[in-house]
$ cat input-v3.txt   # compact mmCIF, C-alpha atoms and all ligand atoms
# COMPACT_ATOMS: atom_id res chain seq x y z
CA MET B 2 0.00 0.00 0.00
CA ARG B 3 2.72 2.41 1.02
CA GLY B 4 4.77 1.50 -2.07
CA LEU B 5 1.78 2.17 -4.27
CA ARG B 6 1.21 5.51 -2.62
CA VAL B 7 4.81 6.52 -3.08
CA SER B 8 4.74 5.54 -6.75
CA LEU B 9 1.51 7.49 -7.22
CA ARG B 10 3.15 10.54 -5.72
CA VAL B 11 6.06 10.17 -8.07
CA ALA B 12 3.62 9.85 -10.95
CA ILE B 13 1.80 13.00 -9.88
CA GLY B 14 5.07 14.89 -9.65
CA LEU B 15 6.06 13.68 -13.11
CA ILE B 16 2.73 14.65 -14.59
CA ALA B 17 2.99 18.10 -13.04
CA MET B 18 6.51 18.55 -14.42
CA LEU B 19 5.59 17.22 -17.83
CA SER B 20 2.57 19.45 -18.18
CA VAL B 21 4.72 22.45 -17.29
CA SER B 22 7.19 21.53 -20.00
CA CYS B 23 4.34 20.78 -22.42
CA ALA B 24 5.48 17.19 -22.94
CA SER B 25 3.03 14.36 -23.41
CA GLU B 26 1.13 13.40 -20.29
CA ALA B 27 0.94 9.80 -21.39
CA THR B 28 4.64 9.00 -20.99
CA LYS B 29 5.60 6.98 -17.92
CA ARG B 30 2.11 7.14 -16.46
CA PRO B 31 1.63 3.81 -14.71
CA ALA B 32 -1.59 1.97 -15.52
CA GLU B 33 -2.76 1.99 -11.88
CA ALA B 34 -2.42 5.78 -11.76
CA VAL B 35 -4.92 6.40 -14.54
CA ASP B 36 -7.45 8.09 -12.26
CA ASP B 37 -4.95 9.53 -9.85
CA ARG B 38 -4.39 13.15 -10.69
CA VAL B 39 -4.08 16.65 -9.52
CA VAL B 40 -7.65 17.87 -9.43
CA PRO B 41 -7.98 21.49 -10.52
CA VAL B 42 -9.86 23.96 -8.33
CA ASP B 43 -13.57 24.23 -9.15
CA PRO B 44 -14.61 27.83 -8.48
CA SER B 45 -18.32 26.95 -8.79
CA HIS B 46 -18.12 25.27 -5.36
CA PHE B 47 -18.01 28.66 -3.66
CA ILE B 48 -21.33 30.11 -2.49
CA PRO B 49 -22.03 32.95 -4.95
CA GLU B 50 -23.51 35.23 -2.25
CA ALA B 51 -20.23 34.94 -0.31
CA LEU B 52 -18.25 36.53 -3.12
CA VAL B 53 -17.62 40.26 -3.21
CA SER B 54 -16.94 40.00 -6.94
CA GLU B 55 -16.92 37.20 -9.48
CA ILE B 56 -13.98 34.81 -9.21
CA VAL B 57 -11.48 35.62 -11.94
CA LYS B 58 -8.63 33.59 -13.40
CA GLU B 59 -5.38 35.54 -13.67
CA GLN B 60 -1.64 34.97 -13.83
CA ARG B 61 -0.51 35.83 -10.31
CA SER B 62 2.43 35.26 -7.98
CA LEU B 63 2.32 32.39 -5.53
CA ALA B 64 3.86 32.68 -2.05
CA ASP B 65 7.26 31.52 -3.37
CA GLY B 66 7.31 34.25 -6.04
CA THR B 67 6.68 31.99 -9.03
CA THR B 68 3.84 32.85 -11.37
CA ALA B 69 0.91 30.58 -12.13
CA TRP B 70 -2.67 30.71 -13.33
CA CYS B 71 -4.69 31.42 -10.21
CA TYR B 72 -8.23 32.02 -9.11
CA VAL B 73 -8.64 35.36 -7.36
CA ILE B 74 -11.40 35.03 -4.76
CA ARG B 75 -12.66 38.06 -2.84
CA THR B 76 -14.85 37.64 0.22
CA HIS B 77 -15.70 39.35 3.51
CA SER B 78 -14.93 36.19 5.50
CA GLU B 79 -18.45 36.14 6.89
CA PRO B 80 -20.50 32.94 7.03
CA HIS B 81 -23.73 32.52 5.08
CA GLU B 82 -24.94 29.20 6.48
CA HIS B 83 -24.88 30.12 10.17
CA ALA B 84 -24.83 33.13 12.49
CA MET B 85 -21.59 34.24 14.13
CA GLY B 86 -21.52 33.44 17.86
CA PRO B 87 -22.52 33.06 20.57
CA TRP B 88 -19.17 32.67 22.28
CA SER B 89 -19.35 33.38 26.01
CA PRO B 90 -22.25 32.73 28.36
CA LYS B 91 -23.23 35.81 30.36
CA THR B 92 -23.76 34.12 33.74
CA ILE B 93 -22.52 30.95 35.41
CA THR B 94 -25.99 29.42 35.19
CA ASP B 95 -26.46 29.96 31.43
CA GLY B 96 -27.04 26.82 29.37
CA LYS B 97 -24.99 25.64 26.43
CA GLU B 98 -27.12 27.52 23.88
CA ALA B 99 -25.81 30.77 25.42
CA GLY B 100 -22.18 30.00 24.65
CA GLY B 101 -19.84 28.42 22.12
CA ILE B 102 -17.16 25.77 22.53
CA TRP B 103 -13.69 25.44 24.01
CA ILE B 104 -11.07 22.81 23.33
CA ARG B 105 -8.48 20.99 25.38
CA ASP B 106 -6.30 18.00 24.57
CA GLY B 107 -8.29 17.04 21.50
CA GLN B 108 -11.69 17.32 23.21
CA VAL B 109 -14.47 19.82 22.55
CA TYR B 110 -16.40 21.26 25.51
CA ASP B 111 -19.59 23.32 25.58
CA LEU B 112 -18.70 26.72 26.97
CA ASP B 113 -21.75 27.11 29.21
CA GLY B 114 -22.19 28.74 32.62
CA PRO B 115 -21.09 25.67 34.61
CA PHE B 116 -17.91 25.42 32.52
CA ILE B 117 -17.06 28.99 33.53
CA ARG B 118 -17.84 28.23 37.19
CA ASN B 119 -15.64 25.12 37.16
CA VAL B 120 -12.73 26.38 35.09
CA ALA B 121 -10.24 26.50 38.02
CA GLU B 122 -10.93 22.85 38.65
CA PHE B 123 -10.87 22.06 34.92
CA TYR B 124 -7.34 23.42 34.59
CA ASP B 125 -6.37 22.45 38.15
CA ASP B 126 -5.21 26.02 38.75
CA PRO B 127 -6.78 28.19 41.52
CA GLU B 128 -5.75 31.40 39.74
CA TRP B 129 -8.64 31.00 37.32
CA LYS B 130 -11.82 32.96 38.11
CA LEU B 131 -13.82 34.11 35.12
CA TYR B 132 -16.90 35.36 36.97
CA ARG B 133 -17.86 37.95 39.55
CA ASP B 134 -19.44 37.22 42.91
CA ASP B 135 -22.88 38.01 41.46
CA GLY B 136 -22.43 35.20 38.96
CA THR B 137 -21.87 37.35 35.86
CA VAL B 138 -19.10 36.29 33.53
CA ARG B 139 -16.09 38.57 33.08
CA VAL B 140 -16.25 39.00 29.32
CA THR B 141 -14.86 41.77 27.11
CA ASP B 142 -17.87 43.99 26.48
CA THR B 143 -16.38 46.94 24.63
CA LYS B 144 -14.33 47.21 21.44
CA GLU B 145 -11.41 48.65 23.46
CA ALA B 146 -11.50 45.78 25.97
CA PHE B 147 -11.66 43.24 23.14
CA GLU B 148 -8.67 44.76 21.35
CA ALA B 149 -6.58 44.93 24.55
CA ALA B 150 -7.47 41.37 25.56
CA ALA B 151 -7.01 39.87 22.11
CA ARG B 152 -3.39 41.05 21.79
CA PRO B 153 -0.80 38.27 21.78
CA ASP B 154 0.57 39.93 24.96
CA VAL B 155 -2.76 40.20 26.77
CA ASP B 156 -3.20 43.50 28.67
CA PRO B 157 -2.86 42.35 32.34
CA LYS B 158 -6.11 44.19 33.13
CA PHE B 159 -7.85 41.46 31.20
CA ASN B 160 -6.35 38.48 32.95
CA ASN B 161 -9.24 36.22 33.89
CA TYR B 162 -11.55 37.33 31.11
CA VAL B 163 -13.38 35.57 28.38
CA VAL B 164 -12.24 37.30 25.19
CA GLU B 165 -15.12 37.79 22.83
CA GLY B 166 -15.39 40.10 19.85
CA ARG B 167 -18.52 41.30 18.14
CA PRO B 168 -18.86 41.62 14.38
CA GLU B 169 -19.57 45.36 14.65
CA TRP B 170 -16.20 45.94 16.38
CA VAL B 171 -14.21 44.52 13.48
CA ASP B 172 -13.32 46.31 10.24
CA ARG B 173 -15.25 44.81 7.34
CA LYS B 174 -12.32 44.16 5.05
CA VAL B 175 -12.35 42.37 1.73
CA ASN B 176 -9.94 39.46 1.73
CA GLU B 177 -8.33 38.43 -1.51
CA TYR B 178 -7.29 34.79 -1.82
CA VAL B 179 -5.05 33.83 -4.71
CA ILE B 180 -5.15 30.07 -5.24
CA PRO B 181 -3.42 28.16 -8.05
CA VAL B 182 -5.90 26.67 -10.54
CA HIS B 183 -3.73 23.55 -10.83
CA PRO B 184 -2.15 22.73 -7.48
CA VAL B 185 1.49 21.66 -7.69
CA TYR B 186 2.42 18.79 -5.39
CA GLN B 187 5.84 19.16 -3.77
CA ASP B 188 7.60 16.36 -1.94
CA LYS B 189 8.89 18.75 0.69
CA PRO B 190 6.06 20.30 2.68
CA SER B 191 6.19 23.96 3.61
CA PHE B 192 5.39 25.26 7.06
CA PHE B 193 4.03 28.63 8.02
CA GLY B 194 4.52 29.22 11.67
CA ARG B 195 6.59 29.55 14.73
CA PRO B 196 9.27 26.90 14.29
CA GLN B 197 11.22 28.46 17.16
CA GLY B 198 8.37 27.93 19.63
CA GLY B 199 7.47 24.77 21.49
CA PRO B 200 4.85 22.47 20.07
CA ALA B 201 1.34 23.87 20.36
CA ARG B 202 -1.17 22.05 22.51
CA GLY B 203 -2.65 19.34 20.38
CA ALA B 204 0.40 19.01 18.15
CA ARG B 205 2.06 15.63 18.10
CA PRO B 206 5.30 15.77 20.09
CA ASP B 207 7.19 14.20 17.17
CA GLY B 208 5.31 16.18 14.57
CA PRO B 209 6.38 19.11 12.44
CA PRO B 210 6.69 22.56 13.98
CA PRO B 211 3.24 23.99 14.63
CA MET B 212 1.78 26.86 12.72
CA GLY B 213 0.56 29.73 14.86
CA ASP B 214 -1.19 33.08 14.64
CA ALA B 215 1.61 35.18 16.08
CA GLY B 216 5.20 36.01 15.30
CA ASP B 217 5.24 34.43 11.90
CA PRO B 218 8.08 35.49 9.61
CA ASN B 219 6.33 34.04 6.56
CA ARG B 220 3.13 36.00 6.72
CA GLY B 221 1.91 36.73 3.23
CA GLY B 222 -0.03 39.55 1.68
CA ALA B 223 -1.29 41.99 4.28
CA GLY B 224 0.39 40.19 7.16
CA GLN B 225 -2.05 37.32 7.41
CA VAL B 226 -1.55 33.60 7.45
CA VAL B 227 -4.36 31.40 6.33
CA LEU B 228 -4.50 27.69 5.66
CA ALA B 229 -7.67 27.26 3.68
CA ILE B 230 -10.96 28.82 2.67
CA ALA B 231 -14.44 27.39 3.24
CA PHE B 232 -17.00 27.51 0.44
CA ASN B 233 -18.69 30.36 2.31
CA GLY B 234 -15.57 32.52 1.93
CA VAL B 235 -14.47 32.24 5.58
CA LYS B 236 -10.84 31.44 6.24
CA PHE B 237 -9.46 28.51 8.19
CA ASP B 238 -6.62 29.85 10.33
CA PRO B 239 -3.52 28.29 11.85
CA PRO B 240 -3.91 26.95 15.41
CA ALA B 241 -5.14 29.41 18.02
CA PRO B 242 -2.13 30.28 20.27
CA LEU B 243 -3.51 28.41 23.25
CA ASP B 244 -0.39 28.74 25.38
CA ALA B 245 -0.57 32.55 25.25
CA ILE B 246 -4.34 32.58 25.73
CA LEU B 247 -4.32 30.24 28.71
CA GLY B 248 -1.16 31.77 30.14
CA ALA B 249 -3.11 34.99 30.71
CA HIS B 250 -6.01 33.02 32.24
CA THR B 251 -8.20 33.93 29.32
CA LEU B 252 -10.39 31.90 27.02
CA ALA B 253 -11.02 32.84 23.39
CA PRO B 254 -14.04 30.63 22.67
CA PHE B 255 -15.17 29.49 19.26
CA ASP B 256 -18.82 29.41 18.29
CA HIS B 257 -20.40 26.08 17.41
CA ALA B 258 -19.15 26.46 13.85
CA GLY B 259 -15.55 26.66 15.15
CA GLY B 260 -15.10 30.39 14.50
CA HIS B 261 -14.38 33.59 16.37
CA LEU B 262 -13.33 37.15 15.67
CA ASN B 263 -9.90 38.73 15.69
CA PRO B 264 -9.70 42.56 15.73
CA HIS B 265 -7.51 42.62 12.62
CA GLU B 266 -8.46 39.48 10.71
CA GLY B 267 -12.18 39.36 11.32
CA TYR B 268 -14.06 36.10 11.52
CA HIS B 269 -12.14 32.86 11.00
CA TYR B 270 -12.35 29.17 11.86
CA HIS B 271 -10.01 27.13 14.04
CA ALA B 272 -12.15 24.01 13.78
CA ALA B 273 -14.30 22.35 11.14
CA THR B 274 -17.49 21.28 12.92
CA GLY B 275 -19.76 20.55 9.97
CA ARG B 276 -21.77 23.79 9.99
CA THR B 277 -20.60 25.04 6.58
CA LYS B 278 -21.40 23.99 3.00
CA GLU B 279 -20.31 20.43 2.32
CA ILE B 280 -20.08 18.61 -0.99
CA ALA B 281 -21.04 14.97 -0.45
CA GLN B 282 -18.89 12.29 -2.07
CA SER B 283 -20.74 9.41 -3.76
CA ASP B 284 -18.19 6.83 -2.57
CA GLY B 285 -18.67 7.48 1.14
CA HIS B 286 -15.49 9.55 1.47
CA ALA B 287 -15.68 12.54 3.84
CA PRO B 288 -17.44 15.55 2.29
CA MET B 289 -15.47 18.39 0.74
CA ILE B 290 -15.56 21.61 2.79
CA GLY B 291 -13.19 23.99 1.01
CA TYR B 292 -9.79 24.51 -0.58
CA ALA B 293 -6.38 24.84 1.00
CA LEU B 294 -4.38 27.87 -0.08
CA ASP B 295 -2.27 25.63 -2.32
CA GLY B 296 -5.35 24.61 -4.33
CA PHE B 297 -5.70 21.09 -2.96
CA GLY B 298 -9.16 20.16 -1.71
CA LEU B 299 -10.02 20.25 1.99
CA TYR B 300 -12.38 17.56 3.29
CA ALA B 301 -14.05 16.95 6.62
CA GLU B 302 -12.38 14.65 9.13
CA LEU B 303 -14.89 11.78 9.07
CA ASP B 304 -16.23 9.63 6.26
CA ALA B 305 -19.88 8.55 5.83
CA LYS B 306 -19.34 5.83 8.45
CA GLY B 307 -17.92 8.31 10.96
CA GLN B 308 -14.35 7.07 10.55
CA PRO B 309 -11.25 9.28 10.24
CA PRO B 310 -8.60 8.44 7.61
CA THR B 311 -5.72 6.36 8.93
CA ASP B 312 -2.97 7.16 6.43
CA LEU B 313 -2.59 10.94 6.55
CA ASP B 314 0.82 12.52 6.12
CA GLU B 315 2.27 15.21 8.37
CA CYS B 316 0.20 17.88 6.62
CA GLY B 317 -3.04 15.96 7.12
CA GLY B 318 -3.26 14.90 3.47
CA HIS B 319 -3.23 11.77 1.35
CA PHE B 320 -3.91 10.62 -2.21
CA ASP B 321 -6.80 8.75 -3.65
CA ALA B 322 -7.84 7.97 -7.21
CA VAL B 323 -10.91 10.21 -7.24
CA ARG B 324 -9.69 13.31 -5.45
CA GLY B 325 -5.96 13.24 -6.13
CA TYR B 326 -3.94 14.70 -3.26
CA HIS B 327 -6.21 16.33 -0.67
CA TYR B 328 -6.38 17.24 3.00
CA HIS B 329 -8.65 16.21 5.83
CA ALA B 330 -9.34 18.78 8.54
CA GLY B 331 -8.17 17.73 12.00
CA ALA B 332 -10.71 16.75 14.66
CA PRO B 333 -12.61 19.80 15.98
CA GLY B 334 -10.77 19.61 19.32
CA SER B 335 -7.31 19.30 17.80
CA ASN B 336 -6.72 23.05 17.16
CA ARG B 337 -5.49 22.08 13.73
CA ILE B 338 -7.02 22.28 10.28
CA ILE B 339 -3.97 21.16 8.29
CA GLY B 340 -0.38 20.83 9.48
CA CYS B 341 1.51 22.13 6.45
CA PHE B 342 1.19 22.61 2.72
CA HIS B 343 2.21 19.86 0.29
CA GLY B 344 1.53 22.16 -2.62
CA LYS B 345 2.86 25.58 -3.51
CA PRO B 346 0.66 27.94 -1.48
CA GLY B 347 -1.00 30.96 -3.00
CA THR B 348 -1.50 34.17 -1.05
CA ILE B 349 -4.02 35.95 1.14
CA GLY B 350 -4.20 39.68 1.46
CA GLU B 351 -6.50 42.61 1.74
CA ALA B 352 -8.10 43.42 -1.60
CA PRO B 353 -6.75 46.64 -3.14
ZN ZN V 1 -8.39 32.88 16.10
ZN ZN V 2 -9.33 11.43 1.77
$ encode --input "input-v3.txt" --output "structure tokens"
Amino acid sequence: MRGLRVSLRVAIGLIAMLSVSCASEATKRPAEAVDDRVVPVDPSHFIPEALVSEIVKEQRSLADGTTAWCYVIRTHSEPHEHAMGPWSPKTITDGKEAGGIWIRDGQVYDLDGPFIRNVAEFYDDPEWKLYRDDGTVRVTDTKEAFEAAARPDVDPKFNNYVVEGRPEWVDRKVNEYVIPVHPVYQDKPSFFGRPQGGPARGARPDGPPPMGDAGDPNRGGAGQVVLAIAFNGVKFDPPAPLDAILGAHTLAPFDHAGGHLNPHEGYHYHAATGRTKEIAQSDGHAPMIGYALDGFGLYAELDAKGQPPTDLDECGGHFDAVRGYHYHAGAPGSNRIIGCFHGKPGTIGEAP
């Protein structure tokens, strides 16, 4: 099985090289690789209402500076299938419908009132106290508080706060994603992130360096890093910097769709929870949920039988005959959508 996969990868690489040099695709293509191919991006998958302007095909620069035919996709990064929020409950007796979710060690927890009340016990740390004596939750309730608490170096005034933004506090920017029409598989994956930092919570100890929101030397475009885009135009971000968040005794909850707001980047997902447009696969494979920035397809974690794939590489991808190389989003509690890019990534920036 592994040998077959390796030979398929070699075949894909050859095909990509040959098509660049305009040579015949038929040469050296093994019989068993007939249906195994790089699947081009299908722009019709995106929800039309999510687009600020029609998707255009242009020759553009990829992140590594090379030029390729790309789709230019402009969106507000706002969901169309679900509302944004809620994130934090308002009192320690609120039920789970009043809040979003929080993650720890691969698990997803409802962020309800009792979670807030028990958080010191949950983290086994008496310094946690996210509520006042009257039972109200200490949550950022002004734009200024949100911006101060959402900084990577949390303003100490907001230690022991739930950090929650509201859509009206965030600039409504237009994001421009540039994604190669024909993804180019590369044997060596590329990482965007904080290789100098310790492994993020949820990363495998022997895994590749984690990708994180902060301190990234490889930020593209307007200083943003993004892994993938959902069909509703919302971005999938690198892992939330849980060490910094928890170190300040703050929580930065996600809503039930796995998203929250950042003062500068707007709404984005850290988890794929099945609340966005999915494209079902007739063979029982996990549904497609978007595209990675390198143009390879992004699929949900679980297949029709509720099973995760067992042969993913370090980026969270693998090959099959129908979908070519593609990624599967990590489990919702893993704080990871994909681990790296196996294709040449495009770019994300603010639209001019
Ligand atoms: Zn975030
Ligand atoms: Zn798959």
$ residues_near_ligand --input "input-v3.txt" --ligand "ligand ZN 1 (chain V)" --cutoff "7 Å" --atoms "all atoms listed in the file" --output "ChimeraX atom specification"
/B:238,241,261-263,269-271
$ atom_distance --input "input-v3.txt" --atom1 "atom CA of Val323 of chain B" --atom2 "atom CA of Val40 of chain B"
8.6 Å
$ residues_around --input "input-v3.txt" --residues "Asp134 of chain B" --least-positions-apart "3" --cutoff "12 Å" --atoms "all atoms listed in the file" --output "list in words"
Thr92, Ile93, Arg118, Lys130, Leu131, Thr137, Val138 and Arg139 of chain B
$ residues_around --input "input-v3.txt" --residues "segment 42-44 of chain B" --least-positions-apart "4" --cutoff "9 Å" --atoms "only C-alpha atoms" --output "number ranges by chain"
B: 56, 72, 74, 180-184, 292, 296-298
$ closest_residue --input "input-v3.txt" --among "B:Ala352, B:Leu299, B:Val140, B:Val155" --to "ligand ZN 2 (chain V)" --atoms "all atoms listed in the file"
B:Leu299
$ residues_around --input "input-v3.txt" --residues "Ala287 of chain B" --least-positions-apart "5" --cutoff "6 Å" --atoms "all atoms listed in the file" --output "PyMOL selection string"
chain B and resi 301+303-304
$ closest_residue --input "input-v3.txt" --among "B:Leu52, B:Val226, B:Ala121, B:Ala272" --to "His81 of chain B" --atoms "only C-alpha atoms"
B:Leu52
$ residues_near_ligand --input "input-v3.txt" --ligand "ligand ZN 2 (chain V)" --cutoff "8 Å" --atoms "only C-alpha atoms and all ligand atoms" --output "PyMOL selection string"
chain B and resi 286-287+300+310+318-321+324+327-329
$ write_last_selection --input "input-v3.txt" --atoms "C-alpha atoms" --output "PDB file, keeping the file's coordinate frame"
ATOM      1  CA  HIS B 286     -15.490   9.550   1.470  1.00  0.00           C
ATOM      2  CA  ALA B 287     -15.680  12.540   3.840  1.00  0.00           C
ATOM      3  CA  TYR B 300     -12.380  17.560   3.290  1.00  0.00           C
ATOM      4  CA  PRO B 310      -8.600   8.440   7.610  1.00  0.00           C
ATOM      5  CA  GLY B 318      -3.260  14.900   3.470  1.00  0.00           C
ATOM      6  CA  HIS B 319      -3.230  11.770   1.350  1.00  0.00           C
ATOM      7  CA  PHE B 320      -3.910  10.620  -2.210  1.00  0.00           C
ATOM      8  CA  ASP B 321      -6.800   8.750  -3.650  1.00  0.00           C
ATOM      9  CA  ARG B 324      -9.690  13.310  -5.450  1.00  0.00           C
ATOM     10  CA  HIS B 327      -6.210  16.330  -0.670  1.00  0.00           C
ATOM     11  CA  TYR B 328      -6.380  17.240   3.000  1.00  0.00           C
ATOM     12  CA  HIS B 329      -8.650  16.210   5.830  1.00  0.00           C
TER      13      HIS B 329
END
$ atom_distance --input "input-v3.txt" --atom1 "atom CA of Trp103 of chain B" --atom2 "atom CA of Ala150 of chain B"
17.2 Å
$ atom_distance --input "input-v3.txt" --atom1 "atom CA of Pro115 of chain B" --atom2 "atom CA of His250 of chain B"
16.9 Å
$ closest_residue --input "input-v3.txt" --among "B:Thr143, B:Gly101, B:Glu59, B:Phe47" --to "Met289 of chain B" --atoms "only C-alpha atoms"
B:Phe47
$ residues_near_point --input "input-v3.txt" --point "(6.6, 18.6, -0.1)" --cutoff "8 Å" --atoms "all atoms listed in the file" --output "JSON, numbers by chain"
{"B": [186, 187, 188, 189, 190, 191, 342, 343, 344]}
$ axis_aligned_box --input "input-v3.txt" --around "segment 89-95 of chain B" --padding-each-side "8 Å" --output "AutoDock Vina command-line options"
--center_x -22.9 --center_y 32.6 --center_z 30.7 --size_x 23.1 --size_y 22.4 --size_z 25.4
$ residues_around --input "input-v3.txt" --residues "Arg276 of chain B" --least-positions-apart "6" --cutoff "8 Å" --atoms "all atoms listed in the file" --output "PDB file with C-alpha atoms, in the frame of the given file"
ATOM      1  CA  GLU B  82     -24.940  29.200   6.480  1.00  0.00           C
ATOM      2  CA  HIS B  83     -24.880  30.120  10.170  1.00  0.00           C
ATOM      3  CA  HIS B 257     -20.400  26.080  17.410  1.00  0.00           C
ATOM      4  CA  ALA B 258     -19.150  26.460  13.850  1.00  0.00           C
TER       5      ALA B 258
END
